[in-house]
Every structure is written in C-alpha cells, then in structure tokens.
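Enquirer: Data: input.txt, compact mmCIF, C-alpha atoms.
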# COMPACT_ATOMS: atom_id res chain seq x y z
CA MET O 1 27.75 89.45 -42.42
CA LYS O 2 27.08 85.76 -43.14
CA GLN O 3 26.23 85.23 -39.48
CA LEU O 4 23.71 88.07 -39.53
CA ILE O 5 22.01 86.66 -42.62
CA THR O 6 21.95 83.18 -41.07
CA ILE O 7 20.38 84.50 -37.85
CA LEU O 8 17.72 86.44 -39.80
CA PHE O 9 16.95 83.39 -41.94
CA ILE O 10 16.54 81.11 -38.89
CA GLY O 11 14.36 83.76 -37.21
CA LEU O 12 12.06 84.01 -40.23
CA ILE O 13 11.72 80.23 -40.46
CA SER O 14 10.85 79.90 -36.77
CA PHE O 15 8.33 82.75 -37.06
CA SER O 16 6.61 81.11 -40.03
CA ILE O 17 6.43 77.77 -38.19
CA GLN O 18 4.76 79.46 -35.21
CA ALA O 19 2.27 81.26 -37.47
CA GLN O 20 1.23 77.95 -39.04
CA ASP O 21 0.29 76.47 -35.65
CA LYS O 22 -2.85 78.61 -35.45
CA VAL O 23 -5.71 77.24 -37.51
CA ALA O 24 -9.41 77.87 -37.77
CA LYS O 25 -11.78 74.95 -37.25
CA ILE O 26 -15.41 74.94 -38.30
CA GLU O 27 -17.82 72.79 -36.29
CA PHE O 28 -21.48 72.65 -37.30
CA LYS O 29 -24.29 71.93 -34.82
CA SER O 30 -25.72 69.65 -37.51
CA ASP O 31 -24.66 68.93 -41.07
CA THR O 32 -28.25 68.11 -42.16
CA ILE O 33 -31.47 70.09 -41.99
CA ASP O 34 -34.69 68.13 -42.39
CA TYR O 35 -37.54 70.31 -43.64
CA GLY O 36 -39.92 67.43 -43.09
CA THR O 37 -43.13 67.70 -45.11
CA ILE O 38 -43.96 71.32 -45.89
CA GLU O 39 -46.65 73.05 -47.92
CA LYS O 40 -46.05 74.62 -51.31
CA GLY O 41 -45.19 78.32 -50.81
CA ALA O 42 -44.15 77.87 -47.15
CA ASP O 43 -41.13 79.64 -45.66
CA GLY O 44 -38.09 77.87 -47.12
CA VAL O 45 -35.41 79.60 -45.01
CA ARG O 46 -33.37 77.47 -42.62
CA VAL O 47 -30.07 78.13 -40.80
CA PHE O 48 -26.94 76.04 -40.27
CA GLU O 49 -25.19 77.18 -37.08
CA PHE O 50 -21.46 76.68 -36.59
CA THR O 51 -18.66 77.57 -34.17
CA ASN O 52 -15.03 78.40 -34.82
CA THR O 53 -13.36 75.94 -32.44
CA GLY O 54 -9.88 76.80 -33.68
CA ASP O 55 -7.47 79.49 -32.57
CA ALA O 56 -7.40 81.63 -35.73
CA PRO O 57 -10.12 83.73 -37.41
CA LEU O 58 -12.41 81.67 -39.65
CA ILE O 59 -13.13 83.12 -43.08
CA VAL O 60 -15.95 81.51 -45.07
CA SER O 61 -14.89 82.30 -48.61
CA LYS O 62 -17.65 80.65 -50.66
CA VAL O 63 -20.94 78.80 -50.17
CA THR O 64 -22.57 77.09 -53.16
CA SER O 65 -25.61 74.91 -53.75
CA SER O 66 -26.10 71.86 -55.93
CA CYS O 67 -28.93 73.63 -57.83
CA GLY O 68 -30.48 77.02 -58.45
CA CYS O 69 -33.54 76.26 -56.33
CA THR O 70 -31.46 76.63 -53.15
CA VAL O 71 -29.80 79.96 -52.30
CA PRO O 72 -27.22 79.91 -49.48
CA LYS O 73 -25.88 83.05 -47.76
CA LYS O 74 -22.48 83.11 -46.06
CA PRO O 75 -21.34 85.37 -43.22
CA ASP O 76 -19.63 88.55 -44.42
CA ALA O 77 -17.17 89.04 -41.53
CA PRO O 78 -14.54 86.63 -40.17
CA ILE O 79 -15.67 84.47 -37.24
CA MET O 80 -13.22 84.84 -34.36
CA PRO O 81 -12.11 81.83 -32.26
CA GLY O 82 -14.90 80.69 -29.95
CA GLU O 83 -17.57 82.69 -31.77
CA THR O 84 -20.56 81.31 -33.65
CA GLY O 85 -21.83 82.07 -37.13
CA GLU O 86 -24.67 81.14 -39.45
CA ILE O 87 -25.16 80.05 -43.03
CA SER O 88 -28.75 80.64 -44.09
CA VAL O 89 -30.31 78.56 -46.85
CA LYS O 90 -33.45 79.46 -48.77
CA TYR O 91 -35.17 76.68 -50.69
CA ASP O 92 -37.78 77.53 -53.37
CA THR O 93 -40.88 75.89 -51.88
CA ASN O 94 -42.94 76.54 -55.02
CA ARG O 95 -41.44 73.36 -56.45
CA VAL O 96 -43.59 70.41 -55.39
CA MET O 97 -41.12 67.57 -55.05
CA PRO O 98 -38.76 65.83 -52.63
CA ILE O 99 -35.85 67.97 -51.36
CA ARG O 100 -32.37 66.45 -51.55
CA LYS O 101 -29.73 69.17 -51.97
CA THR O 102 -26.10 69.70 -50.99
CA ILE O 103 -24.57 72.99 -49.83
CA THR O 104 -20.78 73.19 -50.12
CA VAL O 105 -18.93 75.48 -47.69
CA MET O 106 -15.37 76.59 -48.49
CA SER O 107 -13.22 78.31 -45.87
CA ASN O 108 -9.74 78.66 -44.42
CA ALA O 109 -10.53 76.01 -41.79
CA GLU O 110 -8.43 72.94 -41.09
CA THR O 111 -11.02 71.06 -43.20
CA PRO O 112 -11.42 73.59 -46.03
CA THR O 113 -14.49 72.05 -47.70
CA VAL O 114 -17.60 70.86 -45.85
CA ALA O 115 -20.75 69.39 -47.42
CA LEU O 116 -24.07 70.19 -45.76
CA LYS O 117 -27.40 68.58 -46.70
CA ILE O 118 -31.03 69.65 -46.75
CA LYS O 119 -33.86 67.18 -47.18
CA GLY O 120 -37.63 67.01 -46.97
CA GLU O 121 -40.65 67.15 -49.23
CA VAL O 122 -42.82 69.96 -50.59
CA ILE O 123 -46.46 69.03 -51.08
CA ASP O 124 -49.49 70.81 -52.51
CA SER O 125 -52.48 69.78 -50.39
CA SER O 126 -54.87 71.91 -52.48
CA LYS O 127 -54.58 69.41 -55.34
CA THR O 128 -56.37 66.11 -54.90
CA LYS O 129 -55.35 62.95 -56.64
Hey, can you dump this file as structure tokens for me?
Expert:
Amino acid sequence: MKQLITILFIGLISFSIQAQDKVAKIEFKSDTIDYGTIEKGADGVRVFEFTNTGDAPLIVSKVTSSCGCTVPKKPDAPIMPGETGEISVKYDTNRVMPIRKTITVMSNAETPTVALKIKGEVIDSSKTK
C-alpha cells in the first residue's frame, strides 16, 4: 500500500512539473503609439497588436488606463500559441492638450504585467492665439 501511494505521489509531482513548462508569452509589435499632432474631435482609436509567442493559451485578464480619458478594450477570448490579438485604445480627443498616458496589461504570460504608452498632442486649429 505504501508503495502504491509513493508511486502515485511521484506521478503527480512529475505531471505538475511538466504542466508548468508550458507558458504563454506576450510580444507586442510596439509598446508605444504616437498619435502625432491631431485635431480636436478626431478619431482617437488606435490598436496595439501582439502575438502569443509561448506554448500555452494567453489570457488577458485586465487592461487599465492611467486616466479616464483613455478607454482600453481587451480581447475576450484566449489567444492560442502563435496567434495574434489586439488591444484597442480610445483617447478622448475633445481634450486639447498633450497626450502622455500609460495602459497596463495584465495576463497569464511569463511577464504578467506590461506597460504600454500612448503619446501625441491634440490641437484646436479653429482657435487663434
């Protein structure tokens, strides 16, 4: 009986070690999006593209922004190994000011937290100085 329990215990440990070898890896095409100089009221939607370069499904659990003027949207379904995904970001271009915001991506990847940046400037050319 002790031998049977020992064999089962060793089997479970080796199975759990093998399961831990597979990890998801998130690799972004770029970690910064430059809006450049855009007009007030222009389209503020941009997309961060990424690939799961690991060997396990990638699950993006949460995407947050450093302020309420930027609304990120995460993928709903897991991203399988080798597949690509997108995180869309909508900036409120009715705010005339420089853009310097951080989007934080949390996932089950080998690097669980990634910081993405957006930058640029919103101008209102209808107003003269």
Enquirer: Show which residues sit within 9 Å of segment 84-87 of chain O, as an mmCIF file with C-alpha atoms, in the frame of the given file. Count all atoms listed in the file, and ignore same-chain residues fewer than 2 positions away.
Expert:
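Listing of around.cif after writing:
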data_model
loop_
_atom_site.group_PDB
_atom_site.id
_atom_site.type_symbol
_atom_site.label_atom_id
_atom_site.label_comp_id
_atom_site.auth_asym_id
_atom_site.auth_seq_id
_atom_site.Cartn_x
_atom_site.Cartn_y
_atom_site.Cartn_z
ATOM 1 C CA ARG O 46 -33.370 77.470 -42.620
ATOM 2 C CA VAL O 47 -30.070 78.130 -40.800
ATOM 3 C CA PHE O 48 -26.940 76.040 -40.270
ATOM 4 C CA GLU O 49 -25.190 77.180 -37.080
ATOM 5 C CA PHE O 50 -21.460 76.680 -36.590
ATOM 6 C CA THR O 51 -18.660 77.570 -34.170
ATOM 7 C CA ASN O 52 -15.030 78.400 -34.820
ATOM 8 C CA VAL O 63 -20.940 78.800 -50.170
ATOM 9 C CA PRO O 72 -27.220 79.910 -49.480
ATOM 10 C CA LYS O 73 -25.880 83.050 -47.760
ATOM 11 C CA LYS O 74 -22.480 83.110 -46.060
ATOM 12 C CA PRO O 75 -21.340 85.370 -43.220
ATOM 13 C CA ILE O 79 -15.670 84.470 -37.240
ATOM 14 C CA MET O 80 -13.220 84.840 -34.360
ATOM 15 C CA PRO O 81 -12.110 81.830 -32.260
ATOM 16 C CA GLY O 82 -14.900 80.690 -29.950
ATOM 17 C CA VAL O 89 -30.310 78.560 -46.850
#
Enquirer: Distance atom CA of Phe28 of chain O-atom CA of Thr93 of chain O, one decimal place?
Expert: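 Between these atoms lies a distance of 24.5 Å.
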Enquirer: Could you list, as an mmCIF file with C-alpha atoms, keeping the file's coordinate frame, every residue within 12 Å of Gly44 of chain O, counting all atoms listed in the file and ignoring same-chain residues fewer than 2 positions away?
Expert:
data_model
loop_
_atom_site.group_PDB
_atom_site.id
_atom_site.type_symbol
_atom_site.label_atom_id
_atom_site.label_comp_id
_atom_site.auth_asym_id
_atom_site.auth_seq_id
_atom_site.Cartn_x
_atom_site.Cartn_y
_atom_site.Cartn_z
ATOM 1 C CA ILE O 33 -31.470 70.090 -41.990
ATOM 2 C CA ASP O 34 -34.690 68.130 -42.390
ATOM 3 C CA TYR O 35 -37.540 70.310 -43.640
ATOM 4 C CA GLY O 36 -39.920 67.430 -43.090
ATOM 5 C CA THR O 37 -43.130 67.700 -45.110
ATOM 6 C CA ILE O 38 -43.960 71.320 -45.890
ATOM 7 C CA GLU O 39 -46.650 73.050 -47.920
ATOM 8 C CA LYS O 40 -46.050 74.620 -51.310
ATOM 9 C CA GLY O 41 -45.190 78.320 -50.810
ATOM 10 C CA ALA O 42 -44.150 77.870 -47.150
ATOM 11 C CA ARG O 46 -33.370 77.470 -42.620
ATOM 12 C CA VAL O 47 -30.070 78.130 -40.800
ATOM 13 C CA CYS O 69 -33.540 76.260 -56.330
ATOM 14 C CA THR O 70 -31.460 76.630 -53.150
ATOM 15 C CA VAL O 71 -29.800 79.960 -52.300
ATOM 16 C CA PRO O 72 -27.220 79.910 -49.480
ATOM 17 C CA SER O 88 -28.750 80.640 -44.090
ATOM 18 C CA VAL O 89 -30.310 78.560 -46.850
ATOM 19 C CA LYS O 90 -33.450 79.460 -48.770
ATOM 20 C CA TYR O 91 -35.170 76.680 -50.690
ATOM 21 C CA ASP O 92 -37.780 77.530 -53.370
ATOM 22 C CA THR O 93 -40.880 75.890 -51.880
ATOM 23 C CA ASN O 94 -42.940 76.540 -55.020
ATOM 24 C CA ARG O 95 -41.440 73.360 -56.450
ATOM 25 C CA ILE O 99 -35.850 67.970 -51.360
ATOM 26 C CA ILE O 118 -31.030 69.650 -46.750
ATOM 27 C CA LYS O 119 -33.860 67.180 -47.180
ATOM 28 C CA GLY O 120 -37.630 67.010 -46.970
ATOM 29 C CA GLU O 121 -40.650 67.150 -49.230
ATOM 30 C CA VAL O 122 -42.820 69.960 -50.590
#
Enquirer: Quick one: residues within 10 Å of Gly54 of chain O, all atoms listed in the file, excluding same-chain residues fewer than 4 positions away - as a list in words?
Expert: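 Everything that qualifies: Lys22, Val23, Ala24, Lys25, Ile26, Glu27, Leu58, Met80, Pro81, Gly82, Glu83, Ala109 and Glu110 of chain O.
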Enquirer: Calculate how many Å separate atom CA of Val45 of chain O from atom CA of Pro57 of chain O, rounding to one decimal.
Expert: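 Spanning atom CA of Val45 of chain O to atom CA of Pro57 of chain O is a straight-line distance of 26.7 Å.
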Enquirer: What is the atom CA of Cys67 of chain O-atom CA of Ser125 of chain O distance in Å, reported with one decimal?
Expert: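 Rounded to one decimal, the two atoms are 25.0 Å apart.
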Enquirer: Give the answer as one residue: which of O:Asn108, O:Asp21, O:Thr113, O:Arg100 has the shortest atom-to-atom distance to Val60 of chain O, using all atoms listed in the file?
Expert: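 Ranked by minimum distance to Val60 of chain O, first place goes to O:Asn108.
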Enquirer: Enclose all atoms of segment 19-36 of chain O listed in the file in an axis-aligned box, grow every side by 6 Å, and hand back centre and edge lengths in Å to one decimal, as AutoDock Vina command-line options.
Expert:
--center_x -18.8 --center_y 74.3 --center_z -39.2 --size_x 54.2 --size_y 25.8 --size_z 20.8
Enquirer: Using only C-alpha atoms, can you list as a list in words the residues within 7 Å of (-22.7, 71.7, -44.3)?
Expert: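 Neighbouring residues, ordered by chain and number, come to Asp31, Thr32, Ile103, Thr104, Val105, Val114, Ala115, Leu116 and Lys117 of chain O.
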Enquirer: Would you please work out which residue, of O:Thr111, O:Asp124, O:Lys29, O:Pro78, is nearest to Ile59 of chain O when using only C-alpha atoms?
Expert: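 The answer is O:Pro78, which sits nearest to Ile59 of chain O.
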Enquirer: Which one is closest to Lys101 of chain O: O:Ser126, O:Asp43, O:Ser61, O:Gly68? Count all atoms listed in the file.
Expert: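 Looking only at the distances to Lys101 of chain O, the closest residue turns out to be O:Gly68.
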